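Here is the structure we will look at.
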Amino acid sequence: MSSRTEPSFRESVDLMFNRAVKLMDLPPGLEEKIRVCNATYTVRFGVRLRGSMHTFVGYRSVHSEHMEPVKGGIRYATGVNQDEVEALAALMTYKCALVEAPFGGSKGGLCIDPREYEEHELELITRRFAYELAKRDLINPSQNVPAPDMGTGEREMAWIADQYARMNTTDINAKACVTGKPLNAGGIAGRVEATGRGVQYALREFFRYEEDKAAAGLTGKLDGKRVIVQGLGNVGYHAAKFLSEEDGSLITGIIERDGGLFSADGLDVEAVRNWIVKHGGVSGYPDAQYMEDGSVLLEEECDILIPAALEGVINLSNAERVKAPLIIEAANGPVTAGADEILRDKGCVIIPDMYANAGGVTVSYFEWVKNLSHIRFGRMQRRQEEARHQLVIDELQRLDDVLGNTWSMSPDFKDKYLKGAGELELVRSGLDDTMRAAYQSMREVWHSRDDVTDLRTAAYLVSIDKVAKSYHAKGL
Ligand code: GLU
């Protein structure tokens, strides 16, 4: 164990930023301007519940307004604090720049354990928090657009959207004030699973490059790779589900709040998820080895480790013992700056958070555009596309007749080819394209510069450069 002390989450993000920015040639002062958080608003508000007044503490931090609106989720957790919200807001700035979502970075949080409240109480609390933020334009379609994060989801986003609409009755773009809403309240198909889907697309892209796999000492495809997932919440669950069901990966370990499950043959993600929903944890799940201290699984042999829960889970106290050759940061900040250094020295490849979990904000961007354009993606084109494809099918059929039925179309070709893209297909296509392009921009820096030896530094270089250029364009 190292005698070094662990910095705070925000300091950790700053240390990683500093490491990258040293390799750049930014004008004096700009480096500091980009690093610092512009403003953090703290609110304390009271809500009458169960016959008495309860006071809640919430934050909304704006890291960078080089583009507006600023974007980032709202987290409900007891550990929420200013340092954390600012670190997360900074990561949003870099994340949006990297995947070219035209936003600045922001983040919000409420110190609350949502499991301690009934649904109608959570609604009162959420609406009051939204009111406090909206009246200061910290929720606003053109200035600040929240989204789900840990402890929040579609339900909370629908309450926020409704609260904003009640306060701004003539704003035709009111729905665009928040993303991650349910489909029937102005949401978009594919947003719920977007972050997990993004993790899958990120890994698929990584596995397309022999050189990159070799850096982690891996070969072959995702098929059969042993994966350990920490946190089976929205992000971890979808990533694990897609990787096992669609790419043939083996989910050998799942770490949850109350312990860990291990099975060398691979766990049934859906069955584990159902067990958690029914029993409140993984303990007692029949088809695996259970361990009360789930964190030991972070140190277990595997090919890919996916931390998908809290920040700082891989730190100075355990980094040395982590054996995974490849870590993909589905959570924000799961590896501390100190652990990052230890892992790099060991030759571990880390696909960094600002890229790996950017699927969520990417699809949020699509939702925001959908709300502003007031039309579902694909609504105008789908049938027209199908009609044009029908022409090709008819022509192939005619050829077949002319040639005397000497060949035939493969059985499912017609059905697949005829189906025009709906919103979900378009969202997936846009997300896949985004994840591929962003990965390519990082790897290009990673492989072309001798002074860049890891993907995180490469990611920072790409995104800081974009933020700097947009400041420059504004004449700053
Ligand atoms: N909370 C998510 C994140 O950390 C999503 C943010 C968004 O969609 O704006 O990226």
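Chains: A, B, ... in order of the structure tokens. Residues: from 1 per chain. Ligands: from 1, in order shown.
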>> Using only C-alpha atoms, which protein or nucleic acid residues come within 12 Å of Glu32 in chain A? Drop anything in the same chain fewer than 6 positions from it, and give the result as a ChimeraX atom specification.
In response: /A:14,17-18,21-22,26,38,64,464,468
> Please, which residues of range 308-464 of chain A, numbered as in this document, come out strand (DSSP E or B) from DSSP, as a PyMOL selection string?
Replying inline: chain A and resi 314+326-328+335+349-351
Just to be explicit: take each residue in the selection above, keep N, CA and C atoms, and write the result as a PDB file, in the first residue's frame.
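Saved file part-v7.pdb follows:
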```pdb
ATOM      1  N   ILE A 314     -11.282   2.572  -7.694  1.00  0.00           N
ATOM      2  CA  ILE A 314      -9.932   2.048  -7.895  1.00  0.00           C
ATOM      3  C   ILE A 314      -8.998   3.177  -7.477  1.00  0.00           C
ATOM      4  N   LEU A 326      -7.416  -4.386 -19.234  1.00  0.00           N
ATOM      5  CA  LEU A 326      -8.190  -3.316 -19.873  1.00  0.00           C
ATOM      6  C   LEU A 326      -9.308  -2.876 -18.922  1.00  0.00           C
ATOM      7  N   ILE A 327      -9.349  -1.579 -18.650  1.00  0.00           N
ATOM      8  CA  ILE A 327     -10.430  -1.033 -17.815  1.00  0.00           C
ATOM      9  C   ILE A 327     -11.195  -0.030 -18.663  1.00  0.00           C
ATOM     10  N   ILE A 328     -12.519  -0.147 -18.663  1.00  0.00           N
ATOM     11  CA  ILE A 328     -13.317   0.870 -19.355  1.00  0.00           C
ATOM     12  C   ILE A 328     -14.174   1.567 -18.310  1.00  0.00           C
ATOM     13  N   VAL A 335     -11.394   5.785 -11.365  1.00  0.00           N
ATOM     14  CA  VAL A 335      -9.972   5.572 -11.083  1.00  0.00           C
ATOM     15  C   VAL A 335      -9.379   6.911 -10.631  1.00  0.00           C
ATOM     16  N   VAL A 349      -4.398  -0.762 -19.878  1.00  0.00           N
ATOM     17  CA  VAL A 349      -4.978   0.258 -20.754  1.00  0.00           C
ATOM     18  C   VAL A 349      -6.315   0.703 -20.163  1.00  0.00           C
ATOM     19  N   ILE A 350      -6.489   2.006 -20.038  1.00  0.00           N
ATOM     20  CA  ILE A 350      -7.744   2.533 -19.487  1.00  0.00           C
ATOM     21  C   ILE A 350      -8.467   3.336 -20.560  1.00  0.00           C
ATOM     22  N   ILE A 351      -9.696   2.913 -20.862  1.00  0.00           N
ATOM     23  CA  ILE A 351     -10.533   3.713 -21.776  1.00  0.00           C
ATOM     24  C   ILE A 351     -11.250   4.714 -20.865  1.00  0.00           C
TER      25      ILE A 351
END
```
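Residue nearest ligand 1, chosen from A:Pro325, A:Gly220, A:Pro27, A:Gly196 and counting only C-alpha atoms and all ligand atoms: A:Gly196.
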> Hey, which of A:Thr93, A:Gln289, A:Ser410, A:Thr252 ends up closest to Cys37 in chain A? Count only C-alpha atoms.
Replying inline: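 Using only C-alpha atoms, Cys37 in chain A sits closest to A:Thr93.
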>> Within 6 Å of ligand 1 (counting only C-alpha atoms and all ligand atoms), which residues show up? I'd like them as a count of residues only.
In response: 11
> So which residues touch Tyr285 in chain A within 10 Å, counting only C-alpha atoms, skipping near sequence neighbours fewer than 4 positions away, as a list in words?
Replying inline: Leu261, Ala271, Val272, Trp275, Ile276, His279, Gly281, Gln289 and Tyr290 of chain A
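Using only C-alpha atoms, the smallest distance between any of A:Thr195, A:Phe9, A:Leu250, A:Val99 and Val313 in chain A comes from A:Phe9.
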Do a neighbour search on range 377-380 of chain A at 8 Å with only C-alpha atoms, toss out local chain neighbours closer than 4 positions, and write the hits as a compact mmCIF listing (two decimals) with all heavy atoms, in the first residue's frame.
```
# COMPACT_ATOMS: atom_id res chain seq x y z
N LYS A 370 -34.36 16.94 -30.96
CA LYS A 370 -35.73 16.48 -31.27
C LYS A 370 -36.75 17.44 -30.63
O LYS A 370 -37.71 17.84 -31.28
CB LYS A 370 -35.93 15.07 -30.71
CG LYS A 370 -37.33 14.54 -30.84
CD LYS A 370 -37.51 13.22 -30.11
CE LYS A 370 -38.93 12.71 -30.25
NZ LYS A 370 -39.15 11.44 -29.56
N GLN A 384 -40.69 6.98 -47.19
CA GLN A 384 -40.10 7.32 -48.49
C GLN A 384 -38.91 6.40 -48.75
O GLN A 384 -38.75 5.88 -49.85
CB GLN A 384 -39.65 8.79 -48.44
CG GLN A 384 -39.43 9.42 -49.79
CD GLN A 384 -37.97 9.46 -50.17
OE1 GLN A 384 -37.11 9.12 -49.34
NE2 GLN A 384 -37.69 9.85 -51.38
N ALA A 421 -35.55 3.16 -41.48
CA ALA A 421 -35.08 3.42 -40.11
C ALA A 421 -36.06 4.27 -39.32
O ALA A 421 -36.48 5.33 -39.76
CB ALA A 421 -33.72 4.10 -40.17
N GLY A 422 -36.43 3.78 -38.15
CA GLY A 422 -37.25 4.57 -37.21
C GLY A 422 -36.33 5.31 -36.26
O GLY A 422 -35.10 5.28 -36.40
N GLU A 423 -36.92 5.94 -35.26
CA GLU A 423 -36.13 6.75 -34.34
C GLU A 423 -35.02 5.95 -33.63
O GLU A 423 -33.88 6.39 -33.53
CB GLU A 423 -37.03 7.42 -33.31
CG GLU A 423 -36.27 8.37 -32.40
CD GLU A 423 -37.19 9.27 -31.61
OE1 GLU A 423 -37.69 8.85 -30.55
OE2 GLU A 423 -37.41 10.41 -32.07
N LEU A 426 -32.12 5.22 -35.87
CA LEU A 426 -31.34 6.44 -36.15
C LEU A 426 -30.51 6.86 -34.93
O LEU A 426 -29.36 7.27 -35.07
CB LEU A 426 -32.28 7.57 -36.58
CG LEU A 426 -32.95 7.34 -37.93
CD1 LEU A 426 -34.04 8.37 -38.18
CD2 LEU A 426 -31.93 7.38 -39.06
```
> Which polymer residues have any atom within 12 Å of an atom of Asp265 in chain A, counting only C-alpha atoms, with same-chain residues fewer than 5 positions away left out, as number ranges by chain?
Replying inline: A: 224-227, 244, 248-253, 287-289
Write the selection just made, keeping all heavy atoms, as a short mmCIF file (atom, residue, chain, number, x, y, z; two decimals), in the first residue's frame?
```cif
data_model
loop_
_atom_site.label_atom_id
_atom_site.label_comp_id
_atom_site.auth_asym_id
_atom_site.auth_seq_id
_atom_site.Cartn_x
_atom_site.Cartn_y
_atom_site.Cartn_z
N GLY A 224 -16.23 -14.26 -25.89
CA GLY A 224 -15.47 -15.09 -24.95
C GLY A 224 -14.62 -14.32 -23.94
O GLY A 224 -14.03 -14.92 -23.05
N LYS A 225 -14.55 -13.01 -24.08
CA LYS A 225 -13.73 -12.23 -23.14
C LYS A 225 -14.41 -12.22 -21.77
O LYS A 225 -15.64 -12.11 -21.66
CB LYS A 225 -13.55 -10.79 -23.64
CG LYS A 225 -12.68 -10.68 -24.87
CD LYS A 225 -11.22 -10.89 -24.53
CE LYS A 225 -10.32 -10.83 -25.76
NZ LYS A 225 -10.47 -11.92 -26.75
N ARG A 226 -13.59 -12.35 -20.70
CA ARG A 226 -14.13 -12.37 -19.34
C ARG A 226 -14.25 -10.92 -18.83
O ARG A 226 -13.27 -10.18 -18.83
CB ARG A 226 -13.21 -13.15 -18.40
CG ARG A 226 -13.04 -14.63 -18.79
CD ARG A 226 -11.79 -15.19 -18.19
NE ARG A 226 -10.61 -14.39 -18.54
CZ ARG A 226 -9.45 -14.40 -17.90
NH1 ARG A 226 -9.28 -15.17 -16.85
NH2 ARG A 226 -8.45 -13.65 -18.29
N VAL A 227 -15.48 -10.58 -18.42
CA VAL A 227 -15.76 -9.20 -18.03
C VAL A 227 -16.25 -9.15 -16.58
O VAL A 227 -17.11 -9.94 -16.19
CB VAL A 227 -16.85 -8.60 -18.95
CG1 VAL A 227 -17.20 -7.17 -18.52
CG2 VAL A 227 -16.43 -8.64 -20.41
N SER A 244 -22.92 -9.38 -23.21
CA SER A 244 -23.11 -10.83 -23.13
C SER A 244 -24.08 -11.33 -24.20
O SER A 244 -23.84 -12.34 -24.84
CB SER A 244 -23.56 -11.25 -21.73
OG SER A 244 -24.80 -10.67 -21.41
N GLY A 248 -21.16 -11.88 -27.14
CA GLY A 248 -20.64 -13.17 -26.65
C GLY A 248 -19.63 -13.07 -25.51
O GLY A 248 -18.94 -14.05 -25.21
N SER A 249 -19.54 -11.91 -24.86
CA SER A 249 -18.61 -11.81 -23.72
C SER A 249 -19.18 -12.56 -22.52
O SER A 249 -20.39 -12.71 -22.39
CB SER A 249 -18.41 -10.34 -23.33
OG SER A 249 -17.98 -9.60 -24.44
N LEU A 250 -18.27 -13.00 -21.65
CA LEU A 250 -18.70 -13.72 -20.43
C LEU A 250 -18.66 -12.76 -19.26
O LEU A 250 -17.59 -12.24 -18.93
CB LEU A 250 -17.74 -14.87 -20.13
CG LEU A 250 -17.74 -16.07 -21.06
CD1 LEU A 250 -16.70 -17.07 -20.59
CD2 LEU A 250 -19.12 -16.72 -21.09
N ILE A 251 -19.80 -12.52 -18.63
CA ILE A 251 -19.80 -11.65 -17.46
C ILE A 251 -19.46 -12.55 -16.27
O ILE A 251 -20.33 -13.20 -15.69
CB ILE A 251 -21.17 -10.94 -17.28
CG1 ILE A 251 -21.63 -10.29 -18.60
CG2 ILE A 251 -21.09 -9.93 -16.13
CD1 ILE A 251 -20.71 -9.23 -19.18
N THR A 252 -18.18 -12.60 -15.92
CA THR A 252 -17.75 -13.54 -14.87
C THR A 252 -17.95 -12.98 -13.47
O THR A 252 -18.02 -13.73 -12.50
CB THR A 252 -16.27 -13.92 -15.06
OG1 THR A 252 -15.51 -12.71 -15.16
CG2 THR A 252 -16.07 -14.76 -16.30
N GLY A 253 -18.04 -11.65 -13.34
CA GLY A 253 -18.21 -11.07 -12.02
C GLY A 253 -19.15 -9.87 -12.03
O GLY A 253 -19.15 -9.09 -12.99
N ASP A 287 -27.01 -19.20 -8.72
CA ASP A 287 -26.09 -19.81 -9.68
C ASP A 287 -24.71 -19.19 -9.73
O ASP A 287 -24.13 -19.03 -10.81
CB ASP A 287 -26.73 -19.77 -11.08
CG ASP A 287 -28.07 -20.49 -11.07
OD1 ASP A 287 -28.13 -21.57 -10.45
OD2 ASP A 287 -29.04 -19.96 -11.64
N ALA A 288 -24.17 -18.81 -8.60
CA ALA A 288 -22.83 -18.21 -8.59
C ALA A 288 -22.23 -18.26 -7.21
O ALA A 288 -22.91 -18.52 -6.23
CB ALA A 288 -22.94 -16.74 -9.04
N GLN A 289 -20.93 -18.00 -7.19
CA GLN A 289 -20.23 -17.92 -5.90
C GLN A 289 -20.46 -16.51 -5.35
O GLN A 289 -20.27 -15.52 -6.07
CB GLN A 289 -18.76 -18.14 -6.22
CG GLN A 289 -17.84 -18.28 -5.07
CD GLN A 289 -16.39 -18.32 -5.60
OE1 GLN A 289 -16.13 -18.72 -6.74
NE2 GLN A 289 -15.48 -17.87 -4.77
#
```
> What gap, in Å, lies between CA of Glu86 in chain A and CA of Ser106 in chain A?
Replying inline: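 About the pair CA of Glu86 in chain A and CA of Ser106 in chain A: they are 8.0 Å apart.
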Just want the 8 Å neighbourhood of Ala308 in chain A, counted on only C-alpha atoms, with same-chain residues fewer than 5 positions away dropped. Output as a short mmCIF file (atom, residue, chain, number, x, y, z; two decimals) with N, CA, C and O atoms, in the first residue's frame.
```
data_model
loop_
_atom_site.label_atom_id
_atom_site.label_comp_id
_atom_site.auth_asym_id
_atom_site.auth_seq_id
_atom_site.Cartn_x
_atom_site.Cartn_y
_atom_site.Cartn_z
N VAL A 229 -18.07 -6.53 -13.91
CA VAL A 229 -18.78 -5.26 -13.88
C VAL A 229 -19.01 -4.84 -12.44
O VAL A 229 -19.51 -5.64 -11.64
N GLN A 230 -18.65 -3.62 -12.12
CA GLN A 230 -18.93 -3.12 -10.77
C GLN A 230 -20.12 -2.18 -10.85
O GLN A 230 -20.07 -1.13 -11.48
N GLY A 231 -21.24 -2.58 -10.26
CA GLY A 231 -22.45 -1.76 -10.28
C GLY A 231 -23.39 -2.21 -11.38
O GLY A 231 -23.06 -2.12 -12.56
N LEU A 232 -24.54 -2.77 -10.97
CA LEU A 232 -25.51 -3.21 -11.98
C LEU A 232 -26.69 -2.23 -12.02
O LEU A 232 -27.85 -2.62 -12.09
N GLY A 233 -26.38 -0.95 -11.97
CA GLY A 233 -27.40 0.10 -12.14
C GLY A 233 -27.69 0.24 -13.63
O GLY A 233 -27.35 -0.65 -14.43
N VAL A 235 -26.34 1.90 -16.06
CA VAL A 235 -25.21 1.84 -17.00
C VAL A 235 -24.58 0.44 -17.01
O VAL A 235 -24.42 -0.19 -18.07
N GLY A 236 -24.25 -0.08 -15.83
CA GLY A 236 -23.59 -1.39 -15.74
C GLY A 236 -24.47 -2.50 -16.27
O GLY A 236 -24.01 -3.40 -16.98
N GLU A 329 -13.99 2.88 -18.20
CA GLU A 329 -14.63 3.64 -17.12
C GLU A 329 -16.06 4.04 -17.49
O GLU A 329 -16.29 5.14 -18.00
N ALA A 330 -16.99 3.15 -17.17
CA ALA A 330 -18.40 3.45 -17.45
C ALA A 330 -18.93 4.49 -16.47
O ALA A 330 -19.85 5.24 -16.77
N ALA A 331 -18.36 4.53 -15.27
CA ALA A 331 -18.72 5.55 -14.28
C ALA A 331 -17.88 6.80 -14.54
O ALA A 331 -16.94 6.77 -15.34
N PRO A 334 -13.97 6.69 -11.80
CA PRO A 334 -13.80 5.52 -10.94
C PRO A 334 -12.34 5.25 -10.57
O PRO A 334 -12.07 4.57 -9.59
#
```
> Could you pull out the helix (DSSP H, G or I) residues of range 52-241 of chain A from DSSP and send them as a ChimeraX atom specification?
Replying inline: /A:82-98,114-116,119-134,154-167,174-177,183-185,194-206,210-215,234-241
